[in-house]
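Inspection log for the structure reproduced underneath, given as structure tokens.
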Amino acid sequence: MAILVTGGAGYIGSHTVAELLARGKEVVVVDNLQQGHREAVIGGTLEVGDLRDADFMAEVFRKHKVEAVIHFAASSLVGVSMKEPGEYYHNNVYGTLCLLEAMHKAGVNNIVFSSTAATYGEPEQVPIKETDRTQPTNTYGETKLAMERMMHWYDVAHGVKYVSLRYFNAAGAHASGRIGEDHSPETHLIPLVLQVALGQREQISIFGGDYATPDGTCVRDYIHVSDLADAHLRALGRLLDGGESAVYNLGNGRGFSVREVIEVAREVTGHPIPSVLLDRRGGDPAVLVASADRARTELGWIPQQPELRDIIASAWQWHSAHPHGYRG
């Protein structure tokens with residue numbers, strides 16, 4: 001029996017595929033390769049196509065004996081989601097509807113969902129707990145919340161069990177050096193900082209230095225991508241063991257500021273990494289950190305690489321060896 005990984009040619013998806021393969025699982029990847037990379041799929045079977053193509057998805061489930069799905073396929077740029085909400089609803093929400101329909105017709109009743117802590121919006125408390133209010137402040141977060149709610153009602157109606165994993169910032173690269181982070185455009189802080197060290201940009205921008213944080217810059221939760229992959233497999237195991245649907249936050253339990261990230265990157269790379277302080281961006285909360293107590297208790301998930309230095313060092317190993325991503 002196979003595990004179907006949608007978006008498995010993307011960053012977190014490819015690392016989860018690698019972990020599934022390392023544990024002896026049969027893997028089928030579905031990806032339209034609009035953002036994913038064929039080279040990132042290091043094993044298993046790659047089926048190139050779109051979730052919204054009903055005939056394609058029916059053929060995937062017909063060809064492969066799928067026992068569960070891990071769902072990563074979604075658009076995820078907050079800024080773009082605010083300018084093109086229709087595209088985000090069509091790709092994320094409608095795409096998930098098509099996936100759930102295909103699963104239901106094929107009799108596949110287990111799905112692990114790569115969600116986001118953006119479903120919470122402005123936090124009521126820090127660290128954020130799963131029971132906190134969900135009130136997204138951008139279209140991206142709203143579509144992910146809609147996807148979660150859709151899964152809930154498919155569970156009620158059809159018994160499709162799901163685990164939704166909410167997290168903020170994935171970072172780092174696989175220990176093998178074969179796969180890493182390659183986005184276009186790149187919007188994540190750590191790879192942007194490392195681009196400065198590689199001479200691909202002159203400086204890194206710091207948006208706001210007067211927040212109510214220890215050094216005045218925003219604080220965010222960073223998790224090593226391999227730890228995220230492990231969490232998805234633990235969630236999968238819960239479902240395959242007959243567990244009920246659930247929502248879990250994934251986080252380090254503490255955050256790192258923008259200035260901390262830059263300073264550690266300077267130490268790791270040996271590059272001065274010039275920075276420039278700019279005005280705040282609208283909608284940036286001072287601190288976003290998720291509580292992962294429930295995941296630790298119920299899934300036994302404990303990050304193995306929680307230190308910022310280790311996360312950045314693994315990212316640097318990938319980016320310095322692949323300065324142009326999968327293109328070389």
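For the structure tokens, the naming scheme is as follows: chains receive sequential letters (A, B, ...) according to their order of presentation, residues are indexed from 1 within each chain, and ligands are indexed from 1 in presentation order.
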*Near A:Tyr94, counting only C-alpha atoms, which residues have an atom at most 12 Å away, once you skip same-chain residues fewer than 3 positions from it, shown as a VMD selection string?*
chain A and resid 50 to 54 73 to 75 86 to 91 97 to 101 143 to 144 146 to 147 150
Mind checking which residues fall within 10 Å of A:Thr269, counting only C-alpha atoms, ignoring those fewer than 4 positions away in the same chain, and posting them as a compact mmCIF listing (two decimals) with N, CA and C atoms, in the first residue's frame?
# COMPACT_ATOMS: atom_id res chain seq x y z
N LEU A 194 20.91 34.16 3.47
CA LEU A 194 22.01 33.39 2.89
C LEU A 194 22.32 33.83 1.46
N ALA A 197 24.99 36.32 1.80
CA ALA A 197 26.29 35.67 2.01
C ALA A 197 26.85 35.09 0.71
N LEU A 198 25.96 34.70 -0.20
CA LEU A 198 26.39 34.15 -1.49
C LEU A 198 26.67 35.23 -2.52
N VAL A 264 23.36 34.97 13.70
CA VAL A 264 23.79 33.57 13.63
C VAL A 264 24.24 33.22 12.22
N ALA A 265 23.56 33.75 11.22
CA ALA A 265 23.97 33.50 9.83
C ALA A 265 25.36 34.08 9.56
N ILE A 273 27.22 40.05 6.03
CA ILE A 273 25.78 40.17 5.78
C ILE A 273 25.25 41.54 6.20
N ILE A 312 20.34 26.90 10.58
CA ILE A 312 20.97 27.74 9.57
C ILE A 312 22.17 27.04 8.94
N ALA A 313 22.92 26.29 9.73
CA ALA A 313 24.08 25.58 9.19
C ALA A 313 23.66 24.57 8.12
N TRP A 316 22.72 26.49 5.05
CA TRP A 316 23.91 27.01 4.39
C TRP A 316 24.62 25.92 3.60
N GLN A 317 24.66 24.72 4.14
CA GLN A 317 25.28 23.60 3.43
C GLN A 317 24.59 23.38 2.08
N SER A 320 25.01 26.81 -0.26
CA SER A 320 26.37 27.03 -0.76
C SER A 320 26.74 25.98 -1.82
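For the set A:Leu46, A:Val78, A:Val108, A:Ala40, the residue with the smallest atom-to-atom gap to A:Arg327 is A:Ala40, counting only C-alpha atoms.
Near A:Thr16, within 10 Å and counting only C-alpha atoms, sit A:Val5, A:Gly8, A:Ala9, A:Gly10, A:Ala22, A:Ile70, A:Phe72, A:Val225, A:Ser226, A:Asp227, A:Leu228, A:Ala229, A:Asp230, A:Ala231, A:His232, A:Leu233; same-chain residues fewer than 6 positions away were not included.
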Now that the selection is made, can you save its residues with all heavy atoms as an mmCIF file, in the first residue's frame?
data_model
loop_
_atom_site.group_PDB
_atom_site.id
_atom_site.type_symbol
_atom_site.label_atom_id
_atom_site.label_comp_id
_atom_site.auth_asym_id
_atom_site.auth_seq_id
_atom_site.Cartn_x
_atom_site.Cartn_y
_atom_site.Cartn_z
ATOM 1 N N VAL A 5 1.519 11.589 -1.705
ATOM 2 C CA VAL A 5 1.981 12.887 -1.205
ATOM 3 C C VAL A 5 1.705 13.936 -2.280
ATOM 4 O O VAL A 5 2.364 13.952 -3.323
ATOM 5 C CB VAL A 5 3.474 12.865 -0.847
ATOM 6 C CG1 VAL A 5 3.901 14.221 -0.278
ATOM 7 C CG2 VAL A 5 3.767 11.759 0.160
ATOM 8 N N GLY A 8 4.492 16.829 -3.390
ATOM 9 C CA GLY A 8 5.692 16.149 -2.901
ATOM 10 C C GLY A 8 6.980 16.554 -3.582
ATOM 11 O O GLY A 8 8.055 16.118 -3.174
ATOM 12 N N ALA A 9 6.879 17.408 -4.631
ATOM 13 C CA ALA A 9 8.086 17.938 -5.266
ATOM 14 C C ALA A 9 8.459 19.300 -4.696
ATOM 15 O O ALA A 9 9.426 19.914 -5.140
ATOM 16 C CB ALA A 9 7.893 18.031 -6.781
ATOM 17 N N GLY A 10 7.685 19.774 -3.720
ATOM 18 C CA GLY A 10 7.983 21.041 -3.070
ATOM 19 C C GLY A 10 8.949 20.869 -1.906
ATOM 20 O O GLY A 10 9.482 19.776 -1.669
ATOM 21 N N ALA A 22 12.861 6.478 3.538
ATOM 22 C CA ALA A 22 13.850 5.968 4.497
ATOM 23 C C ALA A 22 13.235 4.950 5.443
ATOM 24 O O ALA A 22 13.937 4.082 5.967
ATOM 25 C CB ALA A 22 14.454 7.128 5.280
ATOM 26 N N ILE A 70 -0.906 12.521 2.272
ATOM 27 C CA ILE A 70 -0.316 13.664 2.965
ATOM 28 C C ILE A 70 -0.394 14.839 1.988
ATOM 29 O O ILE A 70 0.150 14.765 0.883
ATOM 30 C CB ILE A 70 1.135 13.410 3.401
ATOM 31 C CG1 ILE A 70 1.229 12.137 4.258
ATOM 32 C CG2 ILE A 70 1.668 14.602 4.192
ATOM 33 C CD1 ILE A 70 2.633 11.808 4.740
ATOM 34 N N PHE A 72 0.252 18.521 0.769
ATOM 35 C CA PHE A 72 1.048 19.745 0.809
ATOM 36 C C PHE A 72 0.680 20.730 -0.302
ATOM 37 O O PHE A 72 1.035 21.903 -0.221
ATOM 38 C CB PHE A 72 2.548 19.415 0.645
ATOM 39 C CG PHE A 72 3.159 18.688 1.799
ATOM 40 C CD1 PHE A 72 3.335 17.316 1.758
ATOM 41 C CD2 PHE A 72 3.567 19.366 2.940
ATOM 42 C CE1 PHE A 72 3.909 16.626 2.804
ATOM 43 C CE2 PHE A 72 4.139 18.692 4.002
ATOM 44 C CZ PHE A 72 4.312 17.320 3.939
ATOM 45 N N VAL A 225 13.194 21.522 8.755
ATOM 46 C CA VAL A 225 12.276 20.861 7.836
ATOM 47 C C VAL A 225 12.213 19.353 8.074
ATOM 48 O O VAL A 225 11.155 18.720 7.894
ATOM 49 C CB VAL A 225 12.659 21.188 6.375
ATOM 50 C CG1 VAL A 225 14.031 20.639 6.019
ATOM 51 C CG2 VAL A 225 11.593 20.707 5.398
ATOM 52 N N SER A 226 13.306 18.755 8.498
ATOM 53 C CA SER A 226 13.288 17.314 8.775
ATOM 54 C C SER A 226 12.465 16.988 10.017
ATOM 55 O O SER A 226 11.837 15.925 10.098
ATOM 56 C CB SER A 226 14.717 16.774 8.925
ATOM 57 O OG SER A 226 15.407 16.859 7.693
ATOM 58 N N ASP A 227 12.437 17.910 10.977
ATOM 59 C CA ASP A 227 11.568 17.723 12.137
ATOM 60 C C ASP A 227 10.104 17.831 11.723
ATOM 61 O O ASP A 227 9.242 17.111 12.250
ATOM 62 C CB ASP A 227 11.890 18.747 13.220
ATOM 63 C CG ASP A 227 13.151 18.401 13.987
ATOM 64 O OD1 ASP A 227 13.420 17.209 14.195
ATOM 65 O OD2 ASP A 227 13.883 19.336 14.380
ATOM 66 N N LEU A 228 9.803 18.720 10.783
ATOM 67 C CA LEU A 228 8.436 18.811 10.267
ATOM 68 C C LEU A 228 8.045 17.531 9.549
ATOM 69 O O LEU A 228 6.922 17.028 9.701
ATOM 70 C CB LEU A 228 8.299 20.000 9.311
ATOM 71 C CG LEU A 228 8.249 21.385 9.939
ATOM 72 C CD1 LEU A 228 8.108 22.441 8.848
ATOM 73 C CD2 LEU A 228 7.087 21.500 10.924
ATOM 74 N N ALA A 229 8.955 16.994 8.754
ATOM 75 C CA ALA A 229 8.676 15.739 8.051
ATOM 76 C C ALA A 229 8.355 14.636 9.052
ATOM 77 O O ALA A 229 7.411 13.856 8.862
ATOM 78 C CB ALA A 229 9.858 15.354 7.177
ATOM 79 N N ASP A 230 9.121 14.571 10.126
ATOM 80 C CA ASP A 230 8.885 13.565 11.155
ATOM 81 C C ASP A 230 7.499 13.729 11.773
ATOM 82 O O ASP A 230 6.793 12.742 12.029
ATOM 83 C CB ASP A 230 9.955 13.667 12.237
ATOM 84 C CG ASP A 230 9.712 12.713 13.399
ATOM 85 O OD1 ASP A 230 9.712 11.495 13.166
ATOM 86 O OD2 ASP A 230 9.501 13.195 14.523
ATOM 87 N N ALA A 231 7.078 14.968 11.998
ATOM 88 C CA ALA A 231 5.752 15.216 12.569
ATOM 89 C C ALA A 231 4.646 14.715 11.645
ATOM 90 O O ALA A 231 3.644 14.151 12.096
ATOM 91 C CB ALA A 231 5.571 16.704 12.842
ATOM 92 N N HIS A 232 4.821 14.908 10.339
ATOM 93 C CA HIS A 232 3.814 14.429 9.387
ATOM 94 C C HIS A 232 3.715 12.904 9.427
ATOM 95 O O HIS A 232 2.617 12.340 9.327
ATOM 96 C CB HIS A 232 4.136 14.917 7.979
ATOM 97 C CG HIS A 232 3.820 16.367 7.758
ATOM 98 N ND1 HIS A 232 4.637 17.376 8.199
ATOM 99 C CD2 HIS A 232 2.770 16.979 7.152
ATOM 100 C CE1 HIS A 232 4.107 18.551 7.879
ATOM 101 N NE2 HIS A 232 2.968 18.331 7.246
ATOM 102 N N LEU A 233 4.850 12.233 9.566
ATOM 103 C CA LEU A 233 4.810 10.772 9.636
ATOM 104 C C LEU A 233 4.203 10.283 10.943
ATOM 105 O O LEU A 233 3.500 9.255 10.966
ATOM 106 C CB LEU A 233 6.216 10.198 9.438
ATOM 107 C CG LEU A 233 6.546 9.850 7.976
ATOM 108 C CD1 LEU A 233 6.561 11.087 7.093
ATOM 109 C CD2 LEU A 233 7.861 9.119 7.888
#
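When only C-alpha atoms are used to compute distances to A:Ala290, the closest of the residues A:Tyr162, A:Trp153, A:Phe207, A:Tyr120 turns out to be A:Tyr120.
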*Contacts of A:Ile128 at 12 Å or less, counting only C-alpha atoms, minus same-chain residues fewer than 2 places along, as JSON, numbers by chain?*
{"A": [117, 118, 119, 120, 121, 122, 123, 124, 125, 126, 130, 131, 132, 133, 134, 166, 167, 168, 220, 221, 248, 249, 250, 251, 252, 253, 254, 255, 287, 288, 289, 290, 291, 292, 293, 294]}
*Give me every strand (DSSP E) residue in stretch 45-169 of chain A, going by DSSP on the backbone, as a PyMOL selection string.*
chain A and resi 45-48+66-71+110-114+161-166+169
*Can you pull out every residue within 8 Å of stretch 178-183 of chain A, counting only C-alpha atoms, but drop anything in the same chain fewer than 5 positions away, and send it as number ranges by chain?*
A: 11, 14-15, 35, 40, 171-173, 191, 315, 318-319, 325-326
*Find the residues around A:Lys63 up to 12 Å (only C-alpha atoms counted), leave out those fewer than 4 positions away in its own chain, and share them as an NGL selection string.*
:A and (1-2 or 4 or 28 or 45 or 47 or 56-59 or 106)
*Considering only C-alpha atoms, return as a PyMOL selection string whatever protein or nucleic-acid residues lie within 8 Å of A:Leu308, sequence-local ones (same chain, fewer than 2 positions apart) excluded.*
chain A and resi 222+256+261+264+306+310-312
*May I ask for the distance between atom CA of A:Gly177 and atom CA of A:His322, given in Å to one decimal place?*
9.4 Å
*Between atom CA of A:Gly243 and atom CA of A:Gln304, measure the distance and give it in Å to one decimal.*
24.5 Å
_Using DSSP assignments from the backbone, pull out every residue in stretch 225-298 of chain A that falls under helix (DSSP H, G or I) and give it to me as number ranges by chain._
A: 225-240, 258-269, 293-298
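Taking only C-alpha atoms into account, A:Val247 lies nearest to A:Ala295 out of the set A:Asp279, A:Arg201, A:Thr139, A:Ala295.
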